[in-house]
Amino acid sequence: MKKYIFLFFSIIASGLFCSCSDTLDLQNDGRIDMSAVFADRYKTMGYLNSCYSYCPHPYTDRSSLCDDAENVGDNISGSKFSAWYNGSINASSFAGYDIDGCPWFGIGNSWTYFYEGIRKCNVFLANIWGAQIEATSEEKAGWAAQAHTLRALYYLQLIKRYGSVPLYDKPIGTNHDFSKDTKAKFSAVVKFILADCDSAIVAPASQNGFPWEIYNNQNGIMSRAIPYAIKSEAVTYAASPYWADGTYSWADATKANAEALYQCLTHDYSLYNITPDPTIAQNAYAIYFITNFGNDYLRTQDKETIYQGGMRMSGWYYNGLPTNPSMSSAGTCPSQELVDSYEMANGQPAITGYSDAAHLHPIINDASGYDPANPYAGRDPRFYASIYYNGAMKSLAQPGNASYNQDPQSTLNQLQVDKLADGSYTMVTLGGDPYVYLASLTKGLNGPTNTTLTFEYKSPTGISSPQIFFGPAIAENRSVHPANIPAASEWTPYTIDLSSAVTQFGFGNAGDFLRFDLGGTANVTIQIRNLQLNTKSTPSTVATYVGAAEGILQTDQKHTRTGYYLRKYNNYQSGLSNEADGAVRLFRLAEIYMNFAESAYESTGDPYTKISLGSGYTMSAWDAVNAIRARAGMPNLPTGLGKTAFETRYRNERRIEFAFEEHRYFDVRRWNILDQTDRFVTGMQITKNGSNYTYTRFKFNDRSSSVSKWLLYPINQDEVDKMIGFTGVNWQNPGW
């Protein structure tokens with residue numbers, strides 16, 4: 001007898017990704033007939049929009065589940081990190097500890113989440129070609145290409161987490177016979193993913209079809225480079241040690257990666273290599289990760305990002321320094337193992353391993369110039385862009401003083417302002433809320449550490465209870481209350497210290513302004529001249545030694561666990577009212593370079609063999625890695641490396657380049673080295689004696705999440721139990 005599951009599917013439409021913002025007209029009970037959806041152009045576009053609602057949002061939290069970091073949630077009972085570390089998670093509870101998503105966009109159970117996205121794509125693809133709507137065949141092909149790409153993306157996310165999964169390429173009806181369902185092998189799903197990507201790529205490469213370009217109001221939609229990136233990652237994974245079953249070889253992966261790299265390079269993709277203002281970021285790598293890919297850019301500057309995926313982060317808040325005003329948590333704290341992986345700037349590895357099982361005694365490469373008494377000097381530029389360490393420059397502002405004219409402007413309330421011939425101003429209050437806007441900043445302040453508002457004045461009565469508000473978002477909690485301004489018959493200097501408020505409110509961007517409130521009394525007269533905002537900039541450094549403001553505190557969520565803080569994605573100017581941090585990219589060109597390098601040396605056995613990309617383009621694994629290193633400001637890898645030696649350098653390069661981008665978590669699993677890498681991490685305790693520092697490594701508790709069952713996510717036990725009832729087969733992943 002057939003057994004059935006009866007499913008009720010709601011239809012959600014959003015206008016988040018396309019220019020169309022129309023939503024579906026739902027019946028009172030929330031349902032709508034599919035024929036009604038695909039009989040209307042805008043409902044059809046709305047349904048496609050709803051297919052996007054399941055795009056993954058990579059975040060830095062996953063780095064805490066591999067050997068790149070220890071999270072400050074490690075000692076909070078019941079937190080997802082302590083549960084992962086101590087192994088208290090089982091298949092029934094796992095959904096509550098799913099690490100996917102970011103703090104404000106958790107997705108819960110990944111299995112359900114991505115299959116819901118797949119279901120929507122299946123519905124769309126089953127209906128779009130027969131839809132009787134006002135749309136050209138070119139438009140339909142473009143929309144179908146987006147749905148094919150999304151479905152491929154969702155299946156890729158599933159197999160990375162769960163391995164073998166059931167394949168559904170059509171909508172599941174209420175009469176679907178689940179007793180005949182099976183889990184498809186990893187390689188079979190990859191085959192399906194590649195076919196989906198190829199189906200997308202055959203669509204016309206036009207603005208109304210499936211373009212390479214990203215046009216206005218289209219940021220966030222699938223574009224033509226994305227299926228190539230999906231193919232590159234999928235086949236590279238399928239050829240990797242943990243997943244290889246003979247279906248896909250490294251030669252197959254090299255072919256896919258060469259094609260993806262060729263297509264992107266010949267369609268205006270390139271590694272981000274813009275030299276930044278040194279007061280904003282240290283190098284091109286650093287500025288790339290605090291630059292958000294959006295409609296302001298549309299690839300005119302950022303030609304590396306293929307798909308951002310991640311949302312703008314509040315790194316200063318969730319992965320911040322305790323000296324950041326209003327921050328919440330130190331979050332993802334880089335491990336000593338990650339710090340050790342950064343080479344010296346001369347291209348030599350600093351640490352080549354450890355002489356003990358606890359990683360407390362590093363093997364130092366004497367030829368590198370690494371000094372254990374000065375361990376952070378002379379390292380790979382990506383180290384300085386990614387990690388806050390003891391002595392790191394927190395503010396990149398150049399030292400110096402600056403003054404900004406603050407003449408009163410025409411925006412005022414209950415106040416009469418007259419400019420006199422000598423350049424001074426006479427102000428007379430007319431009511432109980434007199435104020436005037438001062439001149440807005442034509443450029444941002446240069447990271448000041450001391451800020452004052454100064455002026456000279458004369459007043460027979462003085463000003464009682466003056467206030468300074470901070471714009472543009474004026475609010476009561478964005479003001480300071482200086483002392484009363486006393487009466488003065490002669491020109492008298494007056495200074496209002498705004499330093500702490502400027503830091504707290506994130507004031508200082510171009511367009512920001514001050515509002516000067518002259519008490520709360522009518523008929524008060526004051527004459528003012530030489531109104532100036534003065535700043536003194538002194539570069540500040542991070543201090544993580546014992547007893548310092550940013551030192552280790554194992555019981556405080558705002559302080560580092562390891563002796564380090566996350567810098568990547570963090571714009572030091574970010575704060576409560578100035579969200580200027582970056583986001584994790586889901587796909588970027590650098591990954592395709594690295595995927596090509598990996599498959600090329602694996603397939604040829606030689607990192608120096610040139611491989612044709614197409615139309616005369618050739619590249620070796622060595623060339624590909626060096627392209628990444630050159631952007632970072634690092635010298636080429638040495639010549640003459642054998643396959644094994646090159647693999648060591650390649651894997652380390654991949655770890656550094658993609659630190660905190662979720663890759664390391666999946667890489668150590670597909671390489672099947674989880675038991676070698678993730679057993680524990682270490683940190684660095686620093687003590688200061690005068691001007692000298694002592695560096696002492698320490699080890700965290702072992703993590704049970706390094707055992708083999710953690711190679712895969714568990715399938716939610718409720719789902720497993722249902723399928724046992726239908727098929728008689730236990731679908732649960734090994735060890736769970």
# chains A, B, ... in the order shown; residues from 1 in each chain; ligands from 1

$ residues_around --residues "segment 712-715 of chain A" --least-positions-apart "2" --cutoff "6 Å" --atoms "only C-alpha atoms" --output "mmCIF file with N, CA, C and O atoms, in the first residue's frame"
data_model
loop_
_atom_site.group_PDB
_atom_site.id
_atom_site.type_symbol
_atom_site.label_atom_id
_atom_site.label_comp_id
_atom_site.auth_asym_id
_atom_site.auth_seq_id
_atom_site.Cartn_x
_atom_site.Cartn_y
_atom_site.Cartn_z
ATOM 1 N N ALA A 91 20.979 14.367 17.207
ATOM 2 C CA ALA A 91 20.208 14.584 15.983
ATOM 3 C C ALA A 91 18.858 15.232 16.250
ATOM 4 O O ALA A 91 18.299 15.896 15.371
ATOM 5 N N ARG A 161 26.802 20.108 3.653
ATOM 6 C CA ARG A 161 26.476 19.889 5.055
ATOM 7 C C ARG A 161 26.092 18.437 5.356
ATOM 8 O O ARG A 161 26.491 17.883 6.379
ATOM 9 N N TYR A 162 25.293 17.838 4.461
ATOM 10 C CA TYR A 162 24.681 16.537 4.767
ATOM 11 C C TYR A 162 25.217 15.379 3.930
ATOM 12 O O TYR A 162 24.934 14.226 4.246
ATOM 13 N N TRP A 710 31.243 14.422 13.099
ATOM 14 C CA TRP A 710 31.074 15.837 12.801
ATOM 15 C C TRP A 710 31.526 16.185 11.386
ATOM 16 O O TRP A 710 31.498 17.354 10.994
ATOM 17 N N GLN A 732 19.831 8.461 8.545
ATOM 18 C CA GLN A 732 20.689 9.280 9.397
ATOM 19 C C GLN A 732 22.163 9.149 8.996
ATOM 20 O O GLN A 732 22.622 8.083 8.568
ATOM 21 N N ASN A 733 22.893 10.247 9.137
ATOM 22 C CA ASN A 733 24.318 10.244 8.807
ATOM 23 C C ASN A 733 25.131 9.492 9.865
ATOM 24 O O ASN A 733 24.704 9.379 11.022
#

$ residues_around --residues "segment 214-230 of chain A" --least-positions-apart "3" --cutoff "9 Å" --atoms "only C-alpha atoms" --output "VMD selection string"
chain A and resid 16 to 19 49 52 145 to 150 152 to 153 156 193 to 194 196 to 198 200 to 201 205 207 210 to 211 233 to 235 256 to 257 259 to 261 263 to 264 267 293 to 295 298 to 299 306 to 309 587 to 589 591 to 592

$ atom_distance --atom1 "atom CA of Asp245 of chain A" --atom2 "atom CA of Leu711 of chain A"
16.7 Å

$ select_by_dssp --residues "segment 470-638 of chain A" --states "strand (DSSP E)" --output "number ranges by chain"
A: 470, 479-480, 488-497, 514-517, 525-537, 565-566, 585-588, 611-614, 617-619

$ closest_atom_pairs --of "segment 376-485 of chain A" --to "segment 638-660 of chain A" --cutoff "10 Å" --atoms "only C-alpha atoms" --output "tab-separated table"
residue	atom	partner	partner_atom	distance
A:Asp380	CA	A:Ile656	CA	9.3
A:Arg382	CA	A:Ile656	CA	7.5
A:Phe383	CA	A:Ile656	CA	8.1
A:Ser386	CA	A:Ala659	CA	7.9

$ closest_residue --among "A:Thr247, A:Thr696, A:Asn346, A:Asn716" --to "Pro362 of chain A" --atoms "only C-alpha atoms"
A:Thr696

$ residues_around --residues "Gln573 of chain A" --least-positions-apart "4" --cutoff "9 Å" --atoms "only C-alpha atoms" --output "mmCIF file with N, CA and C atoms, in the first residue's frame"
data_model
loop_
_atom_site.group_PDB
_atom_site.id
_atom_site.type_symbol
_atom_site.label_atom_id
_atom_site.label_comp_id
_atom_site.auth_asym_id
_atom_site.auth_seq_id
_atom_site.Cartn_x
_atom_site.Cartn_y
_atom_site.Cartn_z
ATOM 1 N N ILE A 280 42.054 54.780 6.034
ATOM 2 C CA ILE A 280 40.845 53.956 6.045
ATOM 3 C C ILE A 280 41.186 52.476 6.181
ATOM 4 N N SER A 395 43.161 52.564 15.364
ATOM 5 C CA SER A 395 42.776 53.657 14.476
ATOM 6 C C SER A 395 43.889 53.876 13.477
ATOM 7 N N GLY A 447 39.538 60.425 12.173
ATOM 8 C CA GLY A 447 39.701 59.544 13.327
ATOM 9 C C GLY A 447 40.172 60.241 14.583
ATOM 10 N N GLY A 506 29.519 57.860 16.938
ATOM 11 C CA GLY A 506 30.051 57.626 15.603
ATOM 12 C C GLY A 506 30.006 58.871 14.738
ATOM 13 N N ASN A 578 27.115 54.475 12.946
ATOM 14 C CA ASN A 578 27.887 54.516 11.702
ATOM 15 C C ASN A 578 28.236 53.089 11.297
ATOM 16 N N GLU A 579 27.257 52.389 10.735
ATOM 17 C CA GLU A 579 27.475 51.013 10.303
ATOM 18 C C GLU A 579 28.297 51.027 9.020
ATOM 19 N N ALA A 580 29.583 50.753 9.137
ATOM 20 C CA ALA A 580 30.466 50.827 7.977
ATOM 21 C C ALA A 580 31.263 49.543 7.793
ATOM 22 N N ASP A 581 30.818 48.443 8.403
ATOM 23 C CA ASP A 581 31.529 47.175 8.279
ATOM 24 C C ASP A 581 31.170 46.481 6.969
#

$ closest_residue --among "A:Val417, A:Ala483, A:Ala402, A:Val72" --to "Ile552 of chain A" --atoms "only C-alpha atoms"
A:Val72

$ closest_residue --among "A:Ala543, A:Phe124, A:Tyr237, A:Tyr565" --to "Ser249 of chain A" --atoms "only C-alpha atoms"
A:Tyr237

$ select_by_dssp --residues "segment 438-648 of chain A" --states "helix (DSSP H, G or I)" --output "PDB file with N, CA and C atoms, in the first residue's frame"
ATOM      1  N   GLU A 476      17.205  62.614  21.375  1.00  0.00           N
ATOM      2  CA  GLU A 476      17.561  63.007  22.733  1.00  0.00           C
ATOM      3  C   GLU A 476      18.779  62.257  23.260  1.00  0.00           C
ATOM      4  N   ASN A 477      18.947  60.986  22.834  1.00  0.00           N
ATOM      5  CA  ASN A 477      20.064  60.209  23.369  1.00  0.00           C
ATOM      6  C   ASN A 477      21.358  60.470  22.605  1.00  0.00           C
ATOM      7  N   ARG A 478      21.361  61.494  21.753  1.00  0.00           N
ATOM      8  CA  ARG A 478      22.563  61.835  21.002  1.00  0.00           C
ATOM      9  C   ARG A 478      22.988  63.266  21.329  1.00  0.00           C
ATOM     10  N   SER A 499      34.644  64.835  23.021  1.00  0.00           N
ATOM     11  CA  SER A 499      35.417  63.638  22.662  1.00  0.00           C
ATOM     12  C   SER A 499      34.652  62.347  22.883  1.00  0.00           C
ATOM     13  N   SER A 500      34.120  62.151  24.088  1.00  0.00           N
ATOM     14  CA  SER A 500      33.450  60.882  24.384  1.00  0.00           C
ATOM     15  C   SER A 500      32.177  60.726  23.564  1.00  0.00           C
ATOM     16  N   ALA A 501      31.471  61.834  23.334  1.00  0.00           N
ATOM     17  CA  ALA A 501      30.231  61.756  22.567  1.00  0.00           C
ATOM     18  C   ALA A 501      30.508  61.454  21.099  1.00  0.00           C
ATOM     19  N   VAL A 502      31.555  62.038  20.544  1.00  0.00           N
ATOM     20  CA  VAL A 502      31.918  61.769  19.148  1.00  0.00           C
ATOM     21  C   VAL A 502      32.196  60.283  18.961  1.00  0.00           C
ATOM     22  N   THR A 503      32.920  59.713  19.911  1.00  0.00           N
ATOM     23  CA  THR A 503      33.221  58.279  19.837  1.00  0.00           C
ATOM     24  C   THR A 503      31.953  57.451  19.998  1.00  0.00           C
ATOM     25  N   GLN A 504      31.153  57.788  20.980  1.00  0.00           N
ATOM     26  CA  GLN A 504      29.949  57.013  21.271  1.00  0.00           C
ATOM     27  C   GLN A 504      28.948  57.055  20.127  1.00  0.00           C
ATOM     28  N   PHE A 505      28.768  58.226  19.530  1.00  0.00           N
ATOM     29  CA  PHE A 505      27.728  58.385  18.519  1.00  0.00           C
ATOM     30  C   PHE A 505      28.226  58.129  17.101  1.00  0.00           C
ATOM     31  N   LEU A 589      36.063  35.741  -7.041  1.00  0.00           N
ATOM     32  CA  LEU A 589      36.980  35.234  -8.050  1.00  0.00           C
ATOM     33  C   LEU A 589      38.172  34.509  -7.439  1.00  0.00           C
ATOM     34  N   ALA A 590      38.642  34.973  -6.283  1.00  0.00           N
ATOM     35  CA  ALA A 590      39.798  34.335  -5.652  1.00  0.00           C
ATOM     36  C   ALA A 590      39.555  32.855  -5.409  1.00  0.00           C
ATOM     37  N   GLU A 591      38.316  32.466  -5.096  1.00  0.00           N
ATOM     38  CA  GLU A 591      38.041  31.042  -4.867  1.00  0.00           C
ATOM     39  C   GLU A 591      38.227  30.250  -6.149  1.00  0.00           C
ATOM     40  N   ILE A 592      37.811  30.799  -7.271  1.00  0.00           N
ATOM     41  CA  ILE A 592      37.967  30.066  -8.525  1.00  0.00           C
ATOM     42  C   ILE A 592      39.446  29.903  -8.858  1.00  0.00           C
ATOM     43  N   TYR A 593      40.251  30.941  -8.624  1.00  0.00           N
ATOM     44  CA  TYR A 593      41.705  30.812  -8.778  1.00  0.00           C
ATOM     45  C   TYR A 593      42.230  29.647  -7.923  1.00  0.00           C
ATOM     46  N   MET A 594      41.798  29.616  -6.673  1.00  0.00           N
ATOM     47  CA  MET A 594      42.329  28.602  -5.754  1.00  0.00           C
ATOM     48  C   MET A 594      41.792  27.215  -6.073  1.00  0.00           C
ATOM     49  N   ASN A 595      40.539  27.118  -6.461  1.00  0.00           N
ATOM     50  CA  ASN A 595      39.999  25.821  -6.886  1.00  0.00           C
ATOM     51  C   ASN A 595      40.776  25.293  -8.087  1.00  0.00           C
ATOM     52  N   PHE A 596      41.065  26.190  -9.037  1.00  0.00           N
ATOM     53  CA  PHE A 596      41.851  25.786 -10.205  1.00  0.00           C
ATOM     54  C   PHE A 596      43.233  25.297  -9.777  1.00  0.00           C
ATOM     55  N   ALA A 597      43.877  26.037  -8.885  1.00  0.00           N
ATOM     56  CA  ALA A 597      45.211  25.641  -8.433  1.00  0.00           C
ATOM     57  C   ALA A 597      45.186  24.244  -7.818  1.00  0.00           C
ATOM     58  N   GLU A 598      44.177  23.979  -7.006  1.00  0.00           N
ATOM     59  CA  GLU A 598      44.096  22.685  -6.333  1.00  0.00           C
ATOM     60  C   GLU A 598      43.902  21.552  -7.329  1.00  0.00           C
ATOM     61  N   SER A 599      42.954  21.702  -8.216  1.00  0.00           N
ATOM     62  CA  SER A 599      42.695  20.617  -9.168  1.00  0.00           C
ATOM     63  C   SER A 599      43.845  20.474 -10.161  1.00  0.00           C
ATOM     64  N   ALA A 600      44.514  21.591 -10.502  1.00  0.00           N
ATOM     65  CA  ALA A 600      45.614  21.533 -11.465  1.00  0.00           C
ATOM     66  C   ALA A 600      46.801  20.753 -10.913  1.00  0.00           C
ATOM     67  N   TYR A 601      47.216  21.021  -9.695  1.00  0.00           N
ATOM     68  CA  TYR A 601      48.367  20.268  -9.170  1.00  0.00           C
ATOM     69  C   TYR A 601      47.990  18.828  -8.851  1.00  0.00           C
ATOM     70  N   GLU A 602      46.728  18.609  -8.476  1.00  0.00           N
ATOM     71  CA  GLU A 602      46.298  17.239  -8.197  1.00  0.00           C
ATOM     72  C   GLU A 602      46.217  16.413  -9.493  1.00  0.00           C
ATOM     73  N   SER A 603      45.744  17.018 -10.562  1.00  0.00           N
ATOM     74  CA  SER A 603      45.543  16.260 -11.800  1.00  0.00           C
ATOM     75  C   SER A 603      46.841  16.035 -12.566  1.00  0.00           C
ATOM     76  N   THR A 604      47.787  16.968 -12.469  1.00  0.00           N
ATOM     77  CA  THR A 604      49.050  16.826 -13.202  1.00  0.00           C
ATOM     78  C   THR A 604      50.174  16.282 -12.335  1.00  0.00           C
ATOM     79  N   ALA A 621      49.107  25.769 -11.563  1.00  0.00           N
ATOM     80  CA  ALA A 621      48.690  25.901 -10.165  1.00  0.00           C
ATOM     81  C   ALA A 621      49.535  26.955  -9.465  1.00  0.00           C
ATOM     82  N   TRP A 622      50.810  26.958  -9.751  1.00  0.00           N
ATOM     83  CA  TRP A 622      51.742  27.925  -9.160  1.00  0.00           C
ATOM     84  C   TRP A 622      51.352  29.342  -9.567  1.00  0.00           C
ATOM     85  N   ASP A 623      51.018  29.543 -10.828  1.00  0.00           N
ATOM     86  CA  ASP A 623      50.589  30.865 -11.309  1.00  0.00           C
ATOM     87  C   ASP A 623      49.335  31.338 -10.575  1.00  0.00           C
ATOM     88  N   ALA A 624      48.379  30.423 -10.405  1.00  0.00           N
ATOM     89  CA  ALA A 624      47.098  30.799  -9.800  1.00  0.00           C
ATOM     90  C   ALA A 624      47.280  31.240  -8.356  1.00  0.00           C
ATOM     91  N   VAL A 625      48.075  30.480  -7.600  1.00  0.00           N
ATOM     92  CA  VAL A 625      48.308  30.852  -6.200  1.00  0.00           C
ATOM     93  C   VAL A 625      49.067  32.172  -6.121  1.00  0.00           C
ATOM     94  N   ASN A 626      50.014  32.359  -7.020  1.00  0.00           N
ATOM     95  CA  ASN A 626      50.806  33.590  -6.979  1.00  0.00           C
ATOM     96  C   ASN A 626      49.985  34.811  -7.356  1.00  0.00           C
ATOM     97  N   ALA A 627      48.948  34.630  -8.161  1.00  0.00           N
ATOM     98  CA  ALA A 627      48.052  35.754  -8.461  1.00  0.00           C
ATOM     99  C   ALA A 627      47.380  36.239  -7.180  1.00  0.00           C
ATOM    100  N   ILE A 628      46.981  35.300  -6.341  1.00  0.00           N
ATOM    101  CA  ILE A 628      46.360  35.638  -5.052  1.00  0.00           C
ATOM    102  C   ILE A 628      47.381  36.317  -4.142  1.00  0.00           C
ATOM    103  N   ARG A 629      48.584  35.766  -4.106  1.00  0.00           N
ATOM    104  CA  ARG A 629      49.624  36.322  -3.238  1.00  0.00           C
ATOM    105  C   ARG A 629      50.037  37.723  -3.701  1.00  0.00           C
ATOM    106  N   ALA A 630      50.096  37.928  -4.998  1.00  0.00           N
ATOM    107  CA  ALA A 630      50.515  39.237  -5.506  1.00  0.00           C
ATOM    108  C   ALA A 630      49.542  40.323  -5.071  1.00  0.00           C
ATOM    109  N   ARG A 631      48.240  40.023  -5.141  1.00  0.00           N
ATOM    110  CA  ARG A 631      47.265  41.018  -4.676  1.00  0.00           C
ATOM    111  C   ARG A 631      47.468  41.344  -3.202  1.00  0.00           C
ATOM    112  N   ALA A 632      47.878  40.346  -2.433  1.00  0.00           N
ATOM    113  CA  ALA A 632      48.084  40.552  -1.001  1.00  0.00           C
ATOM    114  C   ALA A 632      49.403  41.246  -0.694  1.00  0.00           C
ATOM    115  N   LYS A 643      55.000  18.004  -5.356  1.00  0.00           N
ATOM    116  CA  LYS A 643      53.554  18.013  -5.161  1.00  0.00           C
ATOM    117  C   LYS A 643      53.183  18.100  -3.689  1.00  0.00           C
ATOM    118  N   THR A 644      53.834  17.323  -2.835  1.00  0.00           N
ATOM    119  CA  THR A 644      53.491  17.313  -1.412  1.00  0.00           C
ATOM    120  C   THR A 644      53.812  18.652  -0.757  1.00  0.00           C
ATOM    121  N   ALA A 645      54.995  19.184  -1.058  1.00  0.00           N
ATOM    122  CA  ALA A 645      55.390  20.468  -0.479  1.00  0.00           C
ATOM    123  C   ALA A 645      54.481  21.586  -0.972  1.00  0.00           C
ATOM    124  N   PHE A 646      54.117  21.523  -2.260  1.00  0.00           N
ATOM    125  CA  PHE A 646      53.220  22.546  -2.799  1.00  0.00           C
ATOM    126  C   PHE A 646      51.847  22.439  -2.146  1.00  0.00           C
ATOM    127  N   GLU A 647      51.373  21.225  -1.927  1.00  0.00           N
ATOM    128  CA  GLU A 647      50.066  21.046  -1.292  1.00  0.00           C
ATOM    129  C   GLU A 647      50.044  21.673   0.093  1.00  0.00           C
ATOM    130  N   THR A 648      51.124  21.522   0.844  1.00  0.00           N
ATOM    131  CA  THR A 648      51.202  22.130   2.177  1.00  0.00           C
ATOM    132  C   THR A 648      51.095  23.645   2.077  1.00  0.00           C
TER     133      THR A 648
END

$ residues_around --residues "Glu661 of chain A" --least-positions-apart "3" --cutoff "10 Å" --atoms "only C-alpha atoms" --output "list in words"
Pro58, Tyr59, Thr60, Asp61, Arg62, Ser63, Gly310, Lys568, Ala583, Val584, Arg585, Leu586, Phe587, Arg655, Glu657, Phe658, Arg664 and Tyr665 of chain A

$ closest_residue --among "A:Leu396, A:Asp277, A:Val123, A:Ala358" --to "Val37 of chain A" --atoms "only C-alpha atoms"
A:Val123

$ closest_residue --among "A:Trp491, A:Phe81, A:Phe470, A:Tyr168" --to "Leu65 of chain A" --atoms "only C-alpha atoms"
A:Phe81

$ residues_around --residues "segment 125-133 of chain A" --least-positions-apart "5" --cutoff "10 Å" --atoms "only C-alpha atoms" --output "list in words"
Met34, Ser35, Ala36, Val37, Phe38, Ala39, Asp40, Arg41, Tyr42, Lys43, Thr44, Leu48, Arg119, Lys120, Lys140, Ala141, Trp143, Ala144, Ala145, Gln146, Ala147, His148, Arg151, Asp169, Lys170 and Pro171 of chain A

$ write_last_selection --atoms "C-alpha atoms" --output "mmCIF file, in the first residue's frame"
data_model
loop_
_atom_site.group_PDB
_atom_site.id
_atom_site.type_symbol
_atom_site.label_atom_id
_atom_site.label_comp_id
_atom_site.auth_asym_id
_atom_site.auth_seq_id
_atom_site.Cartn_x
_atom_site.Cartn_y
_atom_site.Cartn_z
ATOM 1 C CA MET A 34 -0.765 28.349 -9.162
ATOM 2 C CA SER A 35 -2.684 29.066 -12.348
ATOM 3 C CA ALA A 36 -3.480 32.519 -10.972
ATOM 4 C CA VAL A 37 0.164 33.137 -10.123
ATOM 5 C CA PHE A 38 1.487 32.178 -13.547
ATOM 6 C CA ALA A 39 -1.270 34.021 -15.400
ATOM 7 C CA ASP A 40 0.021 37.386 -14.201
ATOM 8 C CA ARG A 41 3.414 38.877 -15.029
ATOM 9 C CA TYR A 42 3.943 40.515 -11.666
ATOM 10 C CA LYS A 43 2.740 37.574 -9.610
ATOM 11 C CA THR A 44 5.146 35.402 -11.607
ATOM 12 C CA LEU A 48 10.571 34.137 -8.509
ATOM 13 C CA ARG A 119 10.551 23.332 -3.704
ATOM 14 C CA LYS A 120 9.873 26.905 -4.749
ATOM 15 C CA LYS A 140 11.296 33.719 -19.467
ATOM 16 C CA ALA A 141 14.666 32.166 -20.269
ATOM 17 C CA TRP A 143 13.926 33.989 -15.131
ATOM 18 C CA ALA A 144 14.296 30.233 -15.589
ATOM 19 C CA ALA A 145 18.081 30.649 -15.530
ATOM 20 C CA GLN A 146 17.817 32.391 -12.159
ATOM 21 C CA ALA A 147 15.672 29.557 -10.766
ATOM 22 C CA HIS A 148 18.050 26.882 -12.121
ATOM 23 C CA ARG A 151 18.246 25.389 -7.166
ATOM 24 C CA ASP A 169 13.515 18.091 -9.682
ATOM 25 C CA LYS A 170 9.735 18.549 -9.806
ATOM 26 C CA PRO A 171 7.118 19.798 -7.353
#

$ residues_around --residues "Gly683 of chain A" --least-positions-apart "6" --cutoff "9 Å" --atoms "only C-alpha atoms" --output "number ranges by chain"
A: 70, 334-337, 561-564, 696-700

$ write_last_selection --atoms "N, CA, C and O atoms" --output "compact mmCIF listing (two decimals), in the first residue's frame"
# COMPACT_ATOMS: atom_id res chain seq x y z
N GLU A 70 38.18 30.50 18.53
CA GLU A 70 37.43 30.08 19.72
C GLU A 70 36.40 31.17 19.98
O GLU A 70 36.73 32.36 19.98
N PRO A 334 40.19 34.88 16.96
CA PRO A 334 41.16 34.10 16.19
C PRO A 334 42.06 33.26 17.08
O PRO A 334 42.46 33.68 18.17
N SER A 335 42.38 32.07 16.61
CA SER A 335 43.21 31.14 17.38
C SER A 335 44.69 31.40 17.12
O SER A 335 45.08 32.03 16.13
N GLN A 336 45.52 30.88 18.02
CA GLN A 336 46.96 30.98 17.81
C GLN A 336 47.39 30.18 16.59
O GLN A 336 48.31 30.56 15.87
N GLU A 337 46.69 29.06 16.33
CA GLU A 337 47.01 28.27 15.14
C GLU A 337 46.84 29.09 13.86
O GLU A 337 47.65 29.00 12.94
N ARG A 561 38.98 35.51 24.15
CA ARG A 561 39.36 34.25 24.79
C ARG A 561 40.81 33.90 24.47
O ARG A 561 41.49 33.24 25.24
N THR A 562 41.26 34.31 23.30
CA THR A 562 42.52 33.79 22.77
C THR A 562 43.68 34.78 22.82
O THR A 562 44.83 34.40 22.58
N GLY A 563 43.40 36.05 23.10
CA GLY A 563 44.42 37.09 23.00
C GLY A 563 44.34 37.85 21.70
O GLY A 563 45.15 38.76 21.45
N TYR A 564 43.34 37.51 20.87
CA TYR A 564 43.17 38.16 19.57
C TYR A 564 41.71 38.50 19.33
O TYR A 564 40.81 37.86 19.88
N THR A 696 53.07 33.66 26.37
CA THR A 696 52.87 32.30 26.86
C THR A 696 51.67 31.67 26.17
O THR A 696 50.54 32.16 26.29
N ARG A 697 51.89 30.60 25.45
CA ARG A 697 50.80 29.90 24.78
C ARG A 697 50.02 29.06 25.79
O ARG A 697 50.61 28.53 26.74
N PHE A 698 48.72 28.91 25.55
CA PHE A 698 47.91 28.04 26.40
C PHE A 698 46.89 27.31 25.55
O PHE A 698 46.51 27.77 24.47
N LYS A 699 46.43 26.19 26.05
CA LYS A 699 45.55 25.30 25.30
C LYS A 699 44.14 25.33 25.88
O LYS A 699 43.95 25.33 27.09
N PHE A 700 43.14 25.35 24.98
CA PHE A 700 41.75 25.21 25.39
C PHE A 700 41.41 23.72 25.52
O PHE A 700 42.16 22.84 25.07

$ atom_distance --atom1 "atom CA of Gln414 of chain A" --atom2 "atom CA of Asp433 of chain A"
6.3 Å

$ residues_around --residues "Tyr437 of chain A" --least-positions-apart "5" --cutoff "9 Å" --atoms "only C-alpha atoms" --output "list in words"
Asp407, Pro408, Gln409, Ser410, Thr411, Leu412, Phe513, Leu514, Arg515, Phe516 and Asp517 of chain A

$ atom_distance --atom1 "atom CA of Gly163 of chain A" --atom2 "atom CA of Phe114 of chain A"
13.7 Å

$ closest_residue --among "A:Tyr545, A:Tyr113, A:Tyr388, A:Tyr572" --to "Ser314 of chain A" --atoms "only C-alpha atoms"
A:Tyr572
